[in-house]
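Structure first, then comments.
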Amino acid sequence: MSDTTHDGAIATSAPPSADEGLTPAQLADKYGLSVSGARPGLVEYIRQLWGRRHFIVAFASAKLTAQYSQAKLGQLWQVATPLLNAAVYYLIFGLILGTRKGISNDVFIPFLVTGVFVFTFTQTSVMAGVRAISGNLGLVRALHFPRAALPISFALQQLQQLMFSMIVLFIIAAAFGSYPSLSWLLIVPALGLQFVFNIGIALMMARLGSKTPDLAQLMPFIMRTWMYASGVMYSIPIMLKDKPAWIAEVLGYNPAAVYMDLVRFALIDGYGASNLPSHVWFAAVLWAVLFGVAGFVYFWKAEERYGRG
């Protein structure tokens, strides 16, 4: 094709392209292009995450080792910190405020230590989840991998730390008359369900924390309120026996209380089934599935937005 210009010269133009008139989406489809960093489908995302399982385990182990590398006592702080917390709670709540009323000392001390250790497992998983993305932006922006690997690895790190604490917990339970028995095997499914619950809530907090860094400053207050409402330092049925029954029911079915009660029931001889809410195992499974699935899907929905902006 040719056109005459204003000075009489003849200019030629290229024939119309075959791509003329196509939208950007049509052009991308024609040439097999895809959006960089686009969110994969849910099934594909799970497959990619499974492919990074070795990274998740290694990252969790490395974080755990580095956590106390500058302290003289090193890894001993993994056990010393919750033990010191339990000692303070025993002094304030058990002796001064008398929250152990109705519970013998042989039961109350392992009851309290179990509550502190098990609740700390959830507390630290949540706090680590809040900073999982915002605290690792360099890694998120430099490498391409399923971002869910980060909050999951932090939850795994807290599970590894709990395993150290459980050794001390077993010793304390035996020292106060609760010796190893078949019921101790129930600790495995109880902590397994709590781990799934922790992953789900850590994923939720990771997405919220990625866009709202100030959430990390607010969470300690929320977690402290949750701890006081979960019966860490007292028995919910005993302390609330003079209150309307529905209050104890609601507090007893909150997930932190459910998982603590299951571990206490499995570990402590004097902590019988009468202390557990009805259908407690159903509640434990329900919380794990509900938060595990909802947390994972909620986090996956924003996959392409992490590390941007």
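Each chain of the structure tokens is named A, B, ... in the order shown, its residues numbered from 1; ligands are numbered from 1 in display order.
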Please list as a PDB file with N, CA, C and O atoms, in the first residue's frame every residue within 10 Å of Ile46 of chain A, counting only C-alpha atoms and excluding residues in the same chain fewer than 5 positions away.
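Now in around.pdb:
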```
ATOM      1  N   PRO A  40      -1.827 -19.601  40.818  1.00  0.00           N
ATOM      2  CA  PRO A  40      -2.227 -20.860  40.183  1.00  0.00           C
ATOM      3  C   PRO A  40      -3.545 -21.359  40.767  1.00  0.00           C
ATOM      4  O   PRO A  40      -4.011 -20.856  41.797  1.00  0.00           O
ATOM      5  N   GLY A  41      -4.125 -22.349  40.118  1.00  0.00           N
ATOM      6  CA  GLY A  41      -5.326 -22.967  40.662  1.00  0.00           C
ATOM      7  C   GLY A  41      -5.041 -23.622  42.002  1.00  0.00           C
ATOM      8  O   GLY A  41      -3.888 -23.906  42.338  1.00  0.00           O
ATOM      9  N   GLY A  51       5.766 -29.849  46.627  1.00  0.00           N
ATOM     10  CA  GLY A  51       7.095 -29.911  46.029  1.00  0.00           C
ATOM     11  C   GLY A  51       8.135 -29.124  46.815  1.00  0.00           C
ATOM     12  O   GLY A  51       9.338 -29.376  46.671  1.00  0.00           O
ATOM     13  N   ARG A  52       7.683 -28.189  47.654  1.00  0.00           N
ATOM     14  CA  ARG A  52       8.604 -27.399  48.485  1.00  0.00           C
ATOM     15  C   ARG A  52       8.659 -27.921  49.925  1.00  0.00           C
ATOM     16  O   ARG A  52       9.127 -27.220  50.812  1.00  0.00           O
ATOM     17  N   PRO A 146       5.538 -20.969  46.447  1.00  0.00           N
ATOM     18  CA  PRO A 146       4.219 -20.765  47.083  1.00  0.00           C
ATOM     19  C   PRO A 146       4.397 -20.046  48.413  1.00  0.00           C
ATOM     20  O   PRO A 146       5.079 -20.540  49.309  1.00  0.00           O
ATOM     21  N   ALA A 148       2.584 -19.677  50.890  1.00  0.00           N
ATOM     22  CA  ALA A 148       2.072 -20.392  52.068  1.00  0.00           C
ATOM     23  C   ALA A 148       3.161 -21.191  52.759  1.00  0.00           C
ATOM     24  O   ALA A 148       3.014 -21.558  53.936  1.00  0.00           O
ATOM     25  N   PHE A 296      -6.259 -21.732  54.635  1.00  0.00           N
ATOM     26  CA  PHE A 296      -5.474 -22.011  53.432  1.00  0.00           C
ATOM     27  C   PHE A 296      -6.077 -21.319  52.213  1.00  0.00           C
ATOM     28  O   PHE A 296      -5.367 -20.672  51.429  1.00  0.00           O
ATOM     29  N   TRP A 300      -4.471 -18.312  49.971  1.00  0.00           N
ATOM     30  CA  TRP A 300      -4.234 -18.570  48.549  1.00  0.00           C
ATOM     31  C   TRP A 300      -4.896 -17.517  47.663  1.00  0.00           C
ATOM     32  O   TRP A 300      -4.346 -17.140  46.624  1.00  0.00           O
TER      33      TRP A 300
END
```
Which residues come within 12 Å of Val196 of chain A, counting only C-alpha atoms, excluding same-chain residues fewer than 6 positions away, as a list in words? Phe121, Thr122, Ser125, Pro151, Ile152, Ala155, Leu156, Leu159, Pro189, Ala190, Ala202, Leu203, Pro255, Tyr259, Ala284, Val285, Leu286, Trp287, Ala288, Val289, Leu290, Phe291, Gly292, Val293, Ala294, Gly295 and Phe296 of chain A
Per DSSP on the backbone, filter segment 41-233 of chain A down to the residues in alpha helix (DSSP H) and report them as an MDAnalysis selection string. chainID A and resid 42:51 53:67 77:89 105:130 137:142 149:175 187:211 215:228
To one decimal place in Å, what is the distance between atom CA of Gly94 of chain A and atom CA of Tyr179 of chain A?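 Computing it gives 23.2 Å between the two atoms.
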Leaving out Trp50 of chain A and any residue of its chain fewer than 5 positions from it, which residues lie within 12 Å of it when counting only C-alpha atoms, given as JSON, numbers by chain? {"A": [43, 44, 45, 55, 56, 57, 145, 146, 148, 149, 152]}
Same residues, N, CA, C and O atoms, saved as a short mmCIF file (atom, residue, chain, number, x, y, z; two decimals), in the first residue's frame:
```
data_model
loop_
_atom_site.label_atom_id
_atom_site.label_comp_id
_atom_site.auth_asym_id
_atom_site.auth_seq_id
_atom_site.Cartn_x
_atom_site.Cartn_y
_atom_site.Cartn_z
N VAL A 43 -5.59 -26.65 43.24
CA VAL A 43 -4.96 -27.97 43.19
C VAL A 43 -3.50 -27.85 42.78
O VAL A 43 -2.61 -28.48 43.37
N GLU A 44 -3.22 -27.02 41.77
CA GLU A 44 -1.84 -26.81 41.34
C GLU A 44 -1.02 -26.15 42.45
O GLU A 44 0.16 -26.47 42.64
N TYR A 45 -1.65 -25.27 43.20
CA TYR A 45 -0.96 -24.59 44.30
C TYR A 45 -0.55 -25.59 45.38
O TYR A 45 0.56 -25.55 45.91
N PHE A 55 12.01 -27.71 51.64
CA PHE A 55 12.36 -26.33 51.99
C PHE A 55 11.64 -25.92 53.27
O PHE A 55 12.23 -25.26 54.15
N ILE A 56 10.37 -26.29 53.40
CA ILE A 56 9.58 -25.92 54.58
C ILE A 56 10.22 -26.49 55.84
O ILE A 56 10.38 -25.78 56.85
N VAL A 57 10.60 -27.76 55.80
CA VAL A 57 11.20 -28.41 56.97
C VAL A 57 12.55 -27.79 57.29
O VAL A 57 12.87 -27.48 58.45
N PHE A 145 8.06 -18.96 44.81
CA PHE A 145 7.64 -20.18 45.50
C PHE A 145 6.27 -19.94 46.10
O PHE A 145 5.86 -18.78 46.27
N PRO A 146 5.54 -20.97 46.45
CA PRO A 146 4.22 -20.77 47.08
C PRO A 146 4.40 -20.05 48.41
O PRO A 146 5.08 -20.54 49.31
N ALA A 148 2.58 -19.68 50.89
CA ALA A 148 2.07 -20.39 52.07
C ALA A 148 3.16 -21.19 52.76
O ALA A 148 3.01 -21.56 53.94
N ALA A 149 4.26 -21.45 52.06
CA ALA A 149 5.36 -22.18 52.67
C ALA A 149 5.91 -21.45 53.90
O ALA A 149 6.38 -22.10 54.84
N ILE A 152 3.46 -21.78 57.08
CA ILE A 152 3.46 -23.19 57.45
C ILE A 152 4.78 -23.57 58.11
O ILE A 152 4.81 -24.29 59.11
#
```
Find the distance between atom CA of Arg47 of chain A and atom CA of Gln123 of chain A and write it in Å to one decimal.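 Answer for the atom CA of Arg47 of chain A to atom CA of Gln123 of chain A separation: 28.7 Å.
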Using only C-alpha atoms for the distances, tell me which of A:Leu215, A:Val168, A:Ile268, A:Met127 is nearest to Trp184 of chain A. A:Ile268
Non-local contacts of segment 252-254 of chain A (10 Å; only C-alpha atoms; under 4 positions in same chain excluded) as a PyMOL selection string: chain A and resi 226+229-231+235-237+246-248+258-259+261+275-280+283-284+287
Residue nearest Thr120 of chain A - candidates A:Val297, A:Ile172, A:Ala60, A:Leu162, atoms counted: only C-alpha atoms: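 Smallest distance to Thr120 of chain A is found for A:Leu162.
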May I have the residues within 10 Å of Gly102 of chain A as a PyMOL selection string, using only C-alpha atoms and disregarding those fewer than 6 positions away in the same chain? chain A and resi 108+234-235+238-239
Grab the residues selected above and save them as an mmCIF file, in the first residue's frame with all heavy atoms.
```
data_model
loop_
_atom_site.group_PDB
_atom_site.id
_atom_site.type_symbol
_atom_site.label_atom_id
_atom_site.label_comp_id
_atom_site.auth_asym_id
_atom_site.auth_seq_id
_atom_site.Cartn_x
_atom_site.Cartn_y
_atom_site.Cartn_z
ATOM 1 N N PHE A 108 -2.771 -29.662 90.014
ATOM 2 C CA PHE A 108 -2.747 -28.281 89.529
ATOM 3 C C PHE A 108 -1.427 -27.914 88.854
ATOM 4 O O PHE A 108 -1.427 -27.223 87.832
ATOM 5 C CB PHE A 108 -3.013 -27.302 90.674
ATOM 6 C CG PHE A 108 -3.078 -25.874 90.219
ATOM 7 C CD1 PHE A 108 -4.176 -25.404 89.510
ATOM 8 C CD2 PHE A 108 -2.027 -24.989 90.460
ATOM 9 C CE1 PHE A 108 -4.237 -24.085 89.074
ATOM 10 C CE2 PHE A 108 -2.077 -23.674 90.023
ATOM 11 C CZ PHE A 108 -3.193 -23.223 89.329
ATOM 12 N N TYR A 234 -6.594 -21.753 85.321
ATOM 13 C CA TYR A 234 -7.706 -22.166 86.179
ATOM 14 C C TYR A 234 -8.608 -23.142 85.419
ATOM 15 O O TYR A 234 -8.553 -23.228 84.189
ATOM 16 C CB TYR A 234 -8.520 -20.955 86.639
ATOM 17 C CG TYR A 234 -9.141 -20.179 85.490
ATOM 18 C CD1 TYR A 234 -10.406 -20.488 85.004
ATOM 19 C CD2 TYR A 234 -8.447 -19.129 84.880
ATOM 20 C CE1 TYR A 234 -10.965 -19.790 83.954
ATOM 21 C CE2 TYR A 234 -8.993 -18.426 83.828
ATOM 22 C CZ TYR A 234 -10.262 -18.752 83.368
ATOM 23 O OH TYR A 234 -10.806 -18.060 82.319
ATOM 24 N N SER A 235 -9.431 -23.855 86.179
ATOM 25 C CA SER A 235 -10.414 -24.746 85.570
ATOM 26 C C SER A 235 -11.678 -23.953 85.263
ATOM 27 O O SER A 235 -12.292 -23.377 86.179
ATOM 28 C CB SER A 235 -10.740 -25.901 86.515
ATOM 29 O OG SER A 235 -11.861 -26.622 86.049
ATOM 30 N N ILE A 238 -14.922 -25.081 87.253
ATOM 31 C CA ILE A 238 -14.860 -24.794 88.692
ATOM 32 C C ILE A 238 -14.960 -23.302 88.961
ATOM 33 O O ILE A 238 -15.734 -22.862 89.828
ATOM 34 C CB ILE A 238 -13.561 -25.363 89.299
ATOM 35 C CG1 ILE A 238 -13.580 -26.899 89.256
ATOM 36 C CG2 ILE A 238 -13.380 -24.884 90.729
ATOM 37 C CD1 ILE A 238 -12.302 -27.550 89.749
ATOM 38 N N MET A 239 -14.207 -22.507 88.232
ATOM 39 C CA MET A 239 -14.188 -21.063 88.482
ATOM 40 C C MET A 239 -15.501 -20.392 88.114
ATOM 41 O O MET A 239 -15.854 -19.352 88.679
ATOM 42 C CB MET A 239 -13.038 -20.406 87.708
ATOM 43 C CG MET A 239 -11.651 -20.774 88.217
ATOM 44 S SD MET A 239 -11.343 -20.241 89.922
ATOM 45 C CE MET A 239 -11.338 -18.463 89.726
#
```
Kindly indicate which residue among A:Ile199, A:Trp77, A:Tyr90, A:Phe154 lies nearest to Lys63 of chain A, using only C-alpha atoms for the distances.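 Checking each of A:Ile199, A:Trp77, A:Tyr90, A:Phe154 against Lys63 of chain A, counting only C-alpha atoms, the winner is A:Phe154.
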Excluding Pro82 of chain A and residues on its chain fewer than 6 positions from it, collect all residues at most 12 Å away from it, counting only C-alpha atoms, and give them as an MDAnalysis selection string. chainID A and resid 76 88:89 112:121 123:124 161:162 164:166 168:169
Which of these residues is nearest to Gln158 of chain A, using only C-alpha atoms: A:Gln67, A:His144, A:Ala86, A:Pro220? A:Gln67
Counting only C-alpha atoms, which of A:Val107, A:Met204, A:Leu84, A:Ala256 gets nearest to Ala132 of chain A? A:Met204
Choose the residue, out of A:Arg141, A:Arg308, A:Gln157, A:Pro213, that has the smallest atom-to-atom separation from Ala62 of chain A; count only C-alpha atoms.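 Answer, going by the shortest atom-to-atom distance: A:Gln157.
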